[in-house]
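Engineer: Contents of query.pdb (PDB, C-alpha atoms and all ligand atoms) are given next:
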ATOM      1  CA  MET A 656      77.270  -6.949 -51.915
ATOM      2  CA  GLU A 657      74.063  -4.909 -52.068
ATOM      3  CA  PRO A 658      71.030  -6.578 -50.503
ATOM      4  CA  ASN A 659      69.281  -6.733 -53.886
ATOM      5  CA  ASN A 660      72.187  -8.233 -55.767
ATOM      6  CA  CYS A 661      72.217 -11.963 -56.412
ATOM      7  CA  TRP A 662      74.403 -13.686 -53.814
ATOM      8  CA  HIS A 663      75.652 -16.050 -56.545
ATOM      9  CA  CYS A 664      76.277 -14.031 -59.717
ATOM     10  CA  GLY A 665      76.117 -10.480 -58.340
ATOM     11  CA  HIS A 666      73.525  -9.202 -60.823
ATOM     12  CA  ALA A 667      70.892  -6.849 -59.460
ATOM     13  CA  HIS A 668      67.508  -8.506 -59.198
ATOM     14  CA  GLU A 669      64.120  -7.095 -58.301
ATOM     15  CA  ALA A 670      63.666  -8.594 -54.860
ATOM     16  CA  SER A 671      62.301 -11.769 -56.407
ATOM     17  CA  LEU A 672      62.877 -15.253 -55.040
ATOM     18  CA  PHE A 673      65.027 -16.419 -57.944
ATOM     19  CA  CYS A 674      67.775 -14.526 -59.742
ATOM     20  CA  ARG A 675      66.637 -13.963 -63.307
ATOM     21  CA  PHE A 676      70.223 -14.272 -64.582
ATOM     22  CA  CYS A 677      71.465 -17.458 -62.912
ATOM     23  CA  ASN A 678      68.194 -18.725 -61.382
ATOM     24  CA  SER A 679      69.718 -19.133 -57.896
ATOM     25  CA  LEU A 680      67.338 -19.049 -54.987
ATOM     26  CA  GLN A 681      67.771 -15.767 -53.092
ATOM     27  CA  ARG A 682      67.526 -14.986 -49.400
ATOM     28  CA  PRO A 683      63.744 -14.931 -48.773
ATOM     29  CA  THR A 684      62.029 -11.746 -47.604
ATOM     30  CA  PRO A 685      60.144 -12.085 -44.300
ATOM     31  CA  ASP A 686      57.357  -9.803 -45.628
ATOM     32  CA  TYR A 687      54.411 -12.137 -46.260
ATOM     33  CA  TYR A 688      52.910 -10.042 -49.050
ATOM     34  CA  ARG A 689      56.154  -9.490 -50.928
ATOM     35  CA  PHE A 690      57.093 -13.101 -50.454
ATOM     36  CA  LEU A 691      53.890 -14.219 -52.170
ATOM     37  CA  GLY A 692      54.155 -11.505 -54.820
ATOM     38  CA  LEU A 693      51.012  -9.775 -53.588
ATOM     39  CA  GLU A 694      50.049  -6.124 -53.363
ATOM     40  CA  PRO A 695      49.650  -5.179 -49.680
ATOM     41  CA  ARG A 696      45.847  -5.306 -49.775
ATOM     42  CA  LEU A 697      43.623  -6.408 -46.917
ATOM     43  CA  HIS A 698      41.016  -8.025 -49.124
ATOM     44  CA  LEU A 699      42.507 -11.143 -50.718
ATOM     45  CA  ASP A 700      41.111 -13.732 -53.096
ATOM     46  CA  PRO A 701      41.432 -17.072 -51.243
ATOM     47  CA  GLU A 702      41.789 -19.063 -54.477
ATOM     48  CA  ASP A 703      44.570 -16.884 -55.809
ATOM     49  CA  LEU A 704      46.319 -17.162 -52.459
ATOM     50  CA  GLN A 705      46.029 -20.943 -52.493
ATOM     51  CA  GLN A 706      47.433 -21.168 -56.022
ATOM     52  CA  ARG A 707      50.408 -19.019 -55.102
ATOM     53  CA  PHE A 708      50.983 -21.190 -52.048
ATOM     54  CA  TYR A 709      50.951 -24.453 -54.046
ATOM     55  CA  ARG A 710      53.154 -23.050 -56.785
ATOM     56  CA  LEU A 711      55.769 -21.788 -54.305
ATOM     57  CA  SER A 712      55.577 -24.981 -52.209
ATOM     58  CA  ARG A 713      56.649 -26.927 -55.275
ATOM     59  CA  LEU A 714      59.359 -24.449 -56.285
ATOM     60  CA  LEU A 715      60.822 -24.223 -52.788
ATOM     61  CA  HIS A 716      60.551 -27.812 -51.665
ATOM     62  CA  PRO A 717      63.841 -28.734 -49.950
ATOM     63  CA  ASP A 718      64.016 -31.970 -52.008
ATOM     64  CA  ARG A 719      64.703 -29.861 -55.092
ATOM     65  CA  TYR A 720      67.822 -28.418 -53.492
ATOM     66  CA  HIS A 721      69.711 -31.595 -52.539
ATOM     67  CA  ARG A 722      72.238 -31.116 -55.314
ATOM     68  CA  ARG A 723      72.416 -27.335 -55.089
ATOM     69  CA  THR A 724      74.782 -25.175 -53.040
ATOM     70  CA  SER A 725      74.519 -25.158 -49.246
ATOM     71  CA  THR A 726      73.408 -21.504 -49.449
ATOM     72  CA  GLU A 727      70.411 -22.479 -51.577
ATOM     73  CA  ARG A 728      69.625 -25.444 -49.334
ATOM     74  CA  GLN A 729      69.587 -23.084 -46.360
ATOM     75  CA  TYR A 730      67.440 -20.510 -48.213
ATOM     76  CA  SER A 731      64.969 -23.170 -49.302
ATOM     77  CA  LEU A 732      64.430 -24.180 -45.675
ATOM     78  CA  GLU A 733      63.991 -20.567 -44.600
ATOM     79  CA  ALA A 734      61.705 -19.821 -47.526
ATOM     80  CA  THR A 735      59.545 -22.880 -46.861
ATOM     81  CA  ALA A 736      59.095 -21.813 -43.227
ATOM     82  CA  ILE A 737      58.131 -18.267 -44.281
ATOM     83  CA  LEU A 738      55.782 -19.640 -46.940
ATOM     84  CA  ASN A 739      53.921 -21.818 -44.437
ATOM     85  CA  ASP A 740      53.606 -18.961 -41.934
ATOM     86  CA  ALA A 741      52.536 -16.513 -44.640
ATOM     87  CA  TYR A 742      49.831 -18.845 -45.927
ATOM     88  CA  ARG A 743      48.511 -19.658 -42.447
ATOM     89  CA  VAL A 744      48.296 -15.941 -41.562
ATOM     90  CA  LEU A 745      47.036 -14.482 -44.842
ATOM     91  CA  ARG A 746      44.312 -17.028 -45.531
ATOM     92  CA  ASP A 747      42.646 -16.254 -42.167
ATOM     93  CA  PRO A 748      41.023 -12.781 -42.340
ATOM     94  CA  VAL A 749      41.465 -12.158 -38.603
ATOM     95  CA  ALA A 750      45.134 -13.202 -38.533
ATOM     96  CA  ARG A 751      45.691 -11.253 -41.765
ATOM     97  CA  ALA A 752      44.207  -8.099 -40.235
ATOM     98  CA  GLU A 753      46.348  -8.487 -37.092
ATOM     99  CA  TYR A 754      49.429  -8.896 -39.290
ATOM    100  CA  ALA A 755      48.570  -5.877 -41.441
ATOM    101  CA  LEU A 756      47.951  -3.713 -38.363
ATOM    102  CA  LYS A 757      51.237  -4.739 -36.781
ATOM    103  CA  GLU A 758      53.098  -3.969 -40.019
ATOM    104  CA  ARG A 759      51.557  -0.490 -39.927
ATOM    105  CA  GLY A 760      52.545   0.202 -36.326
ATOM    106  CA  PHE A 761      49.330  -0.669 -34.476
ATOM    107  CA  GLU A 762      49.696  -2.471 -31.155
ATOM    108  CA  SER A 763      48.402  -6.008 -30.756
ATOM    109  CA  GLY A 764      44.899  -6.413 -29.351
ATOM    110  CA  GLU A 765      45.766  -9.136 -26.815
ATOM    111  CA  ARG A 766      45.607  -6.831 -23.838
ATOM    112  CA  ARG A 767      42.693  -4.607 -24.794
ATOM    113  CA  SER A 768      40.372  -7.509 -25.553
ATOM    114  CA  LYS A 769      39.997  -7.975 -21.775
ATOM    115  CA  ASP A 770      37.765  -4.897 -21.574
ATOM    116  CA  VAL A 771      34.041  -5.496 -22.030
ATOM    117  CA  PRO A 772      32.684  -3.604 -25.058
ATOM    118  CA  PRO A 773      30.356  -1.026 -23.375
ATOM    119  CA  GLU A 774      27.282  -1.965 -25.439
ATOM    120  CA  LEU A 775      27.585  -5.569 -24.200
ATOM    121  CA  LEU A 776      28.074  -4.781 -20.514
ATOM    122  CA  GLU A 777      24.599  -5.774 -19.390
ATOM    123  CA  GLU A 778      24.438  -9.007 -21.361
ATOM    124  CA  VAL A 779      27.907 -10.032 -20.269
ATOM    125  CA  PHE A 780      26.923  -9.378 -16.656
ATOM    126  CA  GLU A 781      23.854 -11.612 -16.984
ATOM    127  CA  LEU A 782      25.842 -14.258 -18.788
ATOM    128  CA  ASN A 783      28.424 -14.362 -16.011
ATOM    129  CA  MET A 784      25.662 -14.702 -13.425
ATOM    130  CA  ALA A 785      24.191 -17.648 -15.324
ATOM    131  CA  LEU A 786      27.602 -19.278 -15.673
ATOM    132  CA  GLU A 787      28.099 -18.888 -11.951
ATOM    133  CA  GLU A 788      24.757 -20.537 -11.257
ATOM    134  CA  LEU A 789      25.516 -23.432 -13.560
ATOM    135  CA  ARG A 790      28.868 -23.973 -11.827
ATOM    136  CA  ASP A 791      26.946 -24.053  -8.536
ATOM    137  CA  GLY A 792      24.838 -26.892  -9.940
ATOM    138  CA  ASP A 793      21.741 -25.026 -11.107
ATOM    139  CA  THR A 794      21.108 -26.669 -14.497
ATOM    140  CA  SER A 795      17.932 -24.658 -15.086
ATOM    141  CA  VAL A 796      20.089 -21.869 -16.588
ATOM    142  CA  ARG A 797      21.261 -24.092 -19.459
ATOM    143  CA  PRO A 798      18.627 -22.906 -21.980
ATOM    144  CA  GLN A 799      19.523 -19.310 -21.178
ATOM    145  CA  LEU A 800      23.193 -20.079 -21.792
ATOM    146  CA  GLU A 801      22.374 -21.872 -25.058
ATOM    147  CA  GLN A 802      20.521 -18.746 -26.139
ATOM    148  CA  ALA A 803      23.422 -16.513 -25.167
ATOM    149  CA  ARG A 804      25.848 -18.760 -27.044
ATOM    150  CA  LYS A 805      23.799 -18.436 -30.240
ATOM    151  CA  LYS A 806      23.505 -14.718 -29.847
ATOM    152  CA  PHE A 807      27.227 -14.174 -29.352
ATOM    153  CA  LEU A 808      28.061 -16.487 -32.252
ATOM    154  CA  ALA A 809      25.822 -14.328 -34.436
ATOM    155  CA  LEU A 810      27.666 -11.222 -33.198
ATOM    156  CA  GLN A 811      30.959 -12.876 -34.110
ATOM    157  CA  GLN A 812      29.715 -13.512 -37.649
ATOM    158  CA  GLU A 813      28.579  -9.924 -37.844
ATOM    159  CA  SER A 814      32.121  -8.848 -36.917
ATOM    160  CA  ASP A 815      33.467 -11.007 -39.753
ATOM    161  CA  ARG A 816      31.195  -9.281 -42.260
ATOM    162  CA  ARG A 817      32.149  -5.888 -40.874
ATOM    163  CA  LEU A 818      35.830  -6.733 -41.192
ATOM    164  CA  GLU A 819      35.444  -7.620 -44.856
ATOM    165  CA  GLU A 820      33.703  -4.262 -45.501
ATOM    166  CA  LEU A 821      36.478  -2.399 -43.721
ATOM    167  CA  PHE A 822      39.146  -4.321 -45.678
ATOM    168  CA  GLN A 823      37.641  -3.155 -48.945
ATOM    169  CA  ARG A 824      37.309   0.397 -47.680
ATOM    170  CA  TYR A 825      40.922   0.489 -46.530
ATOM    171  CA  ASP A 826      42.147  -0.903 -49.855
ATOM    172  CA  ALA A 827      40.254   1.891 -51.598
ATOM    173  CA  VAL A 828      41.310   4.838 -49.420
ATOM    174  CA  SER A 829      44.405   3.724 -47.355
ATOM    175  CA  ASP A 830      43.161   5.805 -44.423
ATOM    176  CA  ARG A 831      44.566   5.080 -40.955
ATOM    177  CA  ALA A 832      41.170   5.898 -39.434
ATOM    178  CA  VAL A 833      39.884   2.737 -41.139
ATOM    179  CA  LEU A 834      42.729   0.756 -39.574
ATOM    180  CA  ALA A 835      41.695   2.091 -36.162
ATOM    181  CA  GLU A 836      38.167   0.848 -36.846
ATOM    182  CA  ILE A 837      39.542  -2.543 -37.839
ATOM    183  CA  ARG A 838      41.520  -2.589 -34.579
ATOM    184  CA  SER A 839      38.358  -2.047 -32.552
ATOM    185  CA  VAL A 840      36.347  -4.672 -34.499
ATOM    186  CA  LEU A 841      39.153  -7.180 -33.878
ATOM    187  CA  ASP A 842      39.247  -6.404 -30.152
ATOM    188  CA  ARG A 843      35.490  -6.781 -29.881
ATOM    189  CA  ARG A 844      35.552  -9.979 -31.925
ATOM    190  CA  ARG A 845      38.235 -11.526 -29.748
ATOM    191  CA  TYR A 846      36.300 -10.604 -26.637
ATOM    192  CA  ILE A 847      33.155 -12.248 -28.040
ATOM    193  CA  ARG A 848      35.047 -15.348 -29.143
ATOM    194  CA  ASN A 849      36.518 -15.801 -25.650
ATOM    195  CA  LEU A 850      33.057 -15.429 -24.188
ATOM    196  CA  VAL A 851      31.619 -18.082 -26.525
ATOM    197  CA  GLY A 852      34.520 -20.353 -25.573
ATOM    198  CA  GLU A 853      33.766 -19.908 -21.884
ATOM    199  CA  VAL A 854      30.083 -20.725 -22.366
ATOM    200  CA  GLU A 855      30.876 -23.786 -24.496
ATOM    201  CA  LYS A 856      33.292 -25.061 -21.872
ATOM    202  CA  GLU A 857      30.495 -25.025 -19.273
ATOM    203  CA  LEU A 858      27.811 -26.452 -21.561
ATOM    204  CA  VAL A 859      29.568 -29.697 -22.533
TER     205      VAL A 859
HETATM  206 ZN    ZN B   1      72.274 -14.704 -60.058
END
Kindly transcribe the structure held in the file into structure tokens.

Structural biologist:
Amino acid sequence: MEPNNCWHCGHAHEASLFCRFCNSLQRPTPDYYRFLGLEPRLHLDPEDLQQRFYRLSRLLHPDRYHRRTSTERQYSLEATAILNDAYRVLRDPVARAEYALKERGFESGERRSKDVPPELLEEVFELNMALEELRDGDTSVRPQLEQARKKFLALQQESDRRLEELFQRYDAVSDRAVLAEIRSVLDRRRYIRNLVGEVEKELV
């Protein structure tokens, strides 16, 4: 049977969740966008996303499939798992961007986020010195660390705004150069977030 033919009645269907001839639940696609019936855009409307999530949660709930075939019971479990993952990833702009980059062949940023962004070198150096001093018991550096924490949090928010701009630009032009820019904003953002986490750990 062709992948896009209904497993139950054999009619061709348009990669939708339910066969439009016999209404059987089909094998779910692992593509988060297709699964939710969305265009593959980086900018998403959170309310629309939430409505799609609730609607599909109801339609796919395993309780609805108790009396159906074992194939549909199995698909409803798989589909529910994909739905939950898709919603968790797509509603978070950072996770969504990582997902979209991976789908388009960009490597994950986990490794590269270890490198200090060059424009932050000096501040990161001073921050590490202050952290060291605090660990050695010098509490006089606390105000300096509080300041640094605020500053890096502001930089993180700036990255979030920048990401949203780049999302809209990519949706308009579909240029891989924009994806490369998104990759570097994400790396920088992750670096900053780790730094804020380190400072917060020492300040409690
Ligand atoms: Zn069918």

Engineer: When you count all atoms listed in the file, which of these residues is closest to A:Arg743: A:Phe673, A:Tyr846, A:Phe708, A:Phe780?

Structural biologist: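 The answer is A:Phe708, which sits nearest to A:Arg743.
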
Engineer: Quick one: residues within 6 Å of ligand ZN 1 (chain B), with all atoms listed in the file, as a list of chain:residue names?

Structural biologist: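 Listed by chain and ascending number, the contacts are A:Cys661, A:His663, A:Cys664, A:Gly665, A:His666, A:Cys674, A:Phe676, A:Cys677, A:Asn678, A:Ser679.
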
Engineer: Assuming the chain letters and numbering stay as they are in my file, what does the PyMOL selection byres (((chain A and resi 701) around 12) and not hetatm) actually select? List them as a list in words.

Structural biologist: Leu697, His698, Leu699, Asp700, Glu702, Asp703, Leu704, Gln705, Gln706, Arg707, Phe708, Tyr742, Arg743, Val744, Leu745, Arg746, Asp747, Pro748 and Arg751 of chain A

Engineer: Using only C-alpha atoms, which residues of stretch 671-713 of chain A come within 9 Å of stretch 722-727 of chain A, and what is the closest atom pair for each, with the distance in Å to one decimal? Give it as a tab-separated table, sorted by chain and residue number.

Structural biologist:
residue	atom	partner	partner_atom	distance
A:Ser679	CA	A:Glu727	CA	7.2
A:Leu680	CA	A:Glu727	CA	5.7
A:Gln681	CA	A:Glu727	CA	7.4
A:Arg682	CA	A:Glu727	CA	8.3

Engineer: On this structure, which residues satisfy the PyMOL selection byres (((chain A and resi 684) around 12) and not hetatm), written as a PyMOL selection string?

Structural biologist: chain A and resi 658-659+669-673+680-683+685-692+730-731+733-738+741

Engineer: Which residues, named as in the file, does the PyMOL selection byres (((chain A and resi 857) around 10) and not hetatm) pick out? Answer as a ChimeraX atom specification.

Structural biologist: /A:786-787,789-790,797,800,852-856,858-859

Engineer: Identify, on the basis of only C-alpha atoms, every residue whose closest approach to A:Arg824 does not exceed 12 Å; exclude the query and any residue fewer than 6 positions from it along the same chain; express the result as a list in words.

Structural biologist: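 Answer for this query is Arg696, Leu697, His698, Arg817, Leu818, Asp830, Arg831, Ala832, Val833, Leu834, Glu836 and Ile837 of chain A.
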
Engineer: Show which residues sit within 12 Å of A:Glu778, as a PDB file with C-alpha atoms, in the frame of the given file. Count only C-alpha atoms, and ignore same-chain residues fewer than 2 positions away.

Structural biologist:
ATOM      1  CA  VAL A 771      34.041  -5.496 -22.030  1.00  0.00           C
ATOM      2  CA  PRO A 772      32.684  -3.604 -25.058  1.00  0.00           C
ATOM      3  CA  PRO A 773      30.356  -1.026 -23.375  1.00  0.00           C
ATOM      4  CA  GLU A 774      27.282  -1.965 -25.439  1.00  0.00           C
ATOM      5  CA  LEU A 775      27.585  -5.569 -24.200  1.00  0.00           C
ATOM      6  CA  LEU A 776      28.074  -4.781 -20.514  1.00  0.00           C
ATOM      7  CA  PHE A 780      26.923  -9.378 -16.656  1.00  0.00           C
ATOM      8  CA  GLU A 781      23.854 -11.612 -16.984  1.00  0.00           C
ATOM      9  CA  LEU A 782      25.842 -14.258 -18.788  1.00  0.00           C
ATOM     10  CA  ASN A 783      28.424 -14.362 -16.011  1.00  0.00           C
ATOM     11  CA  MET A 784      25.662 -14.702 -13.425  1.00  0.00           C
ATOM     12  CA  ALA A 785      24.191 -17.648 -15.324  1.00  0.00           C
ATOM     13  CA  GLN A 799      19.523 -19.310 -21.178  1.00  0.00           C
ATOM     14  CA  LEU A 800      23.193 -20.079 -21.792  1.00  0.00           C
ATOM     15  CA  GLN A 802      20.521 -18.746 -26.139  1.00  0.00           C
ATOM     16  CA  ALA A 803      23.422 -16.513 -25.167  1.00  0.00           C
ATOM     17  CA  ARG A 804      25.848 -18.760 -27.044  1.00  0.00           C
ATOM     18  CA  LYS A 806      23.505 -14.718 -29.847  1.00  0.00           C
ATOM     19  CA  PHE A 807      27.227 -14.174 -29.352  1.00  0.00           C
ATOM     20  CA  ILE A 847      33.155 -12.248 -28.040  1.00  0.00           C
ATOM     21  CA  LEU A 850      33.057 -15.429 -24.188  1.00  0.00           C
TER      22      LEU A 850
END

Engineer: Take atom CA of A:Arg848 and atom CA of A:Val779 and report the distance between them in Å, one decimal.

Structural biologist: 12.6 Å

Engineer: I'd like to know which of A:Leu715, A:Leu808, A:Val796, A:Leu756 is closest to A:Arg728, using only C-alpha atoms.

Structural biologist: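 The closest residue to A:Arg728 is A:Leu715.
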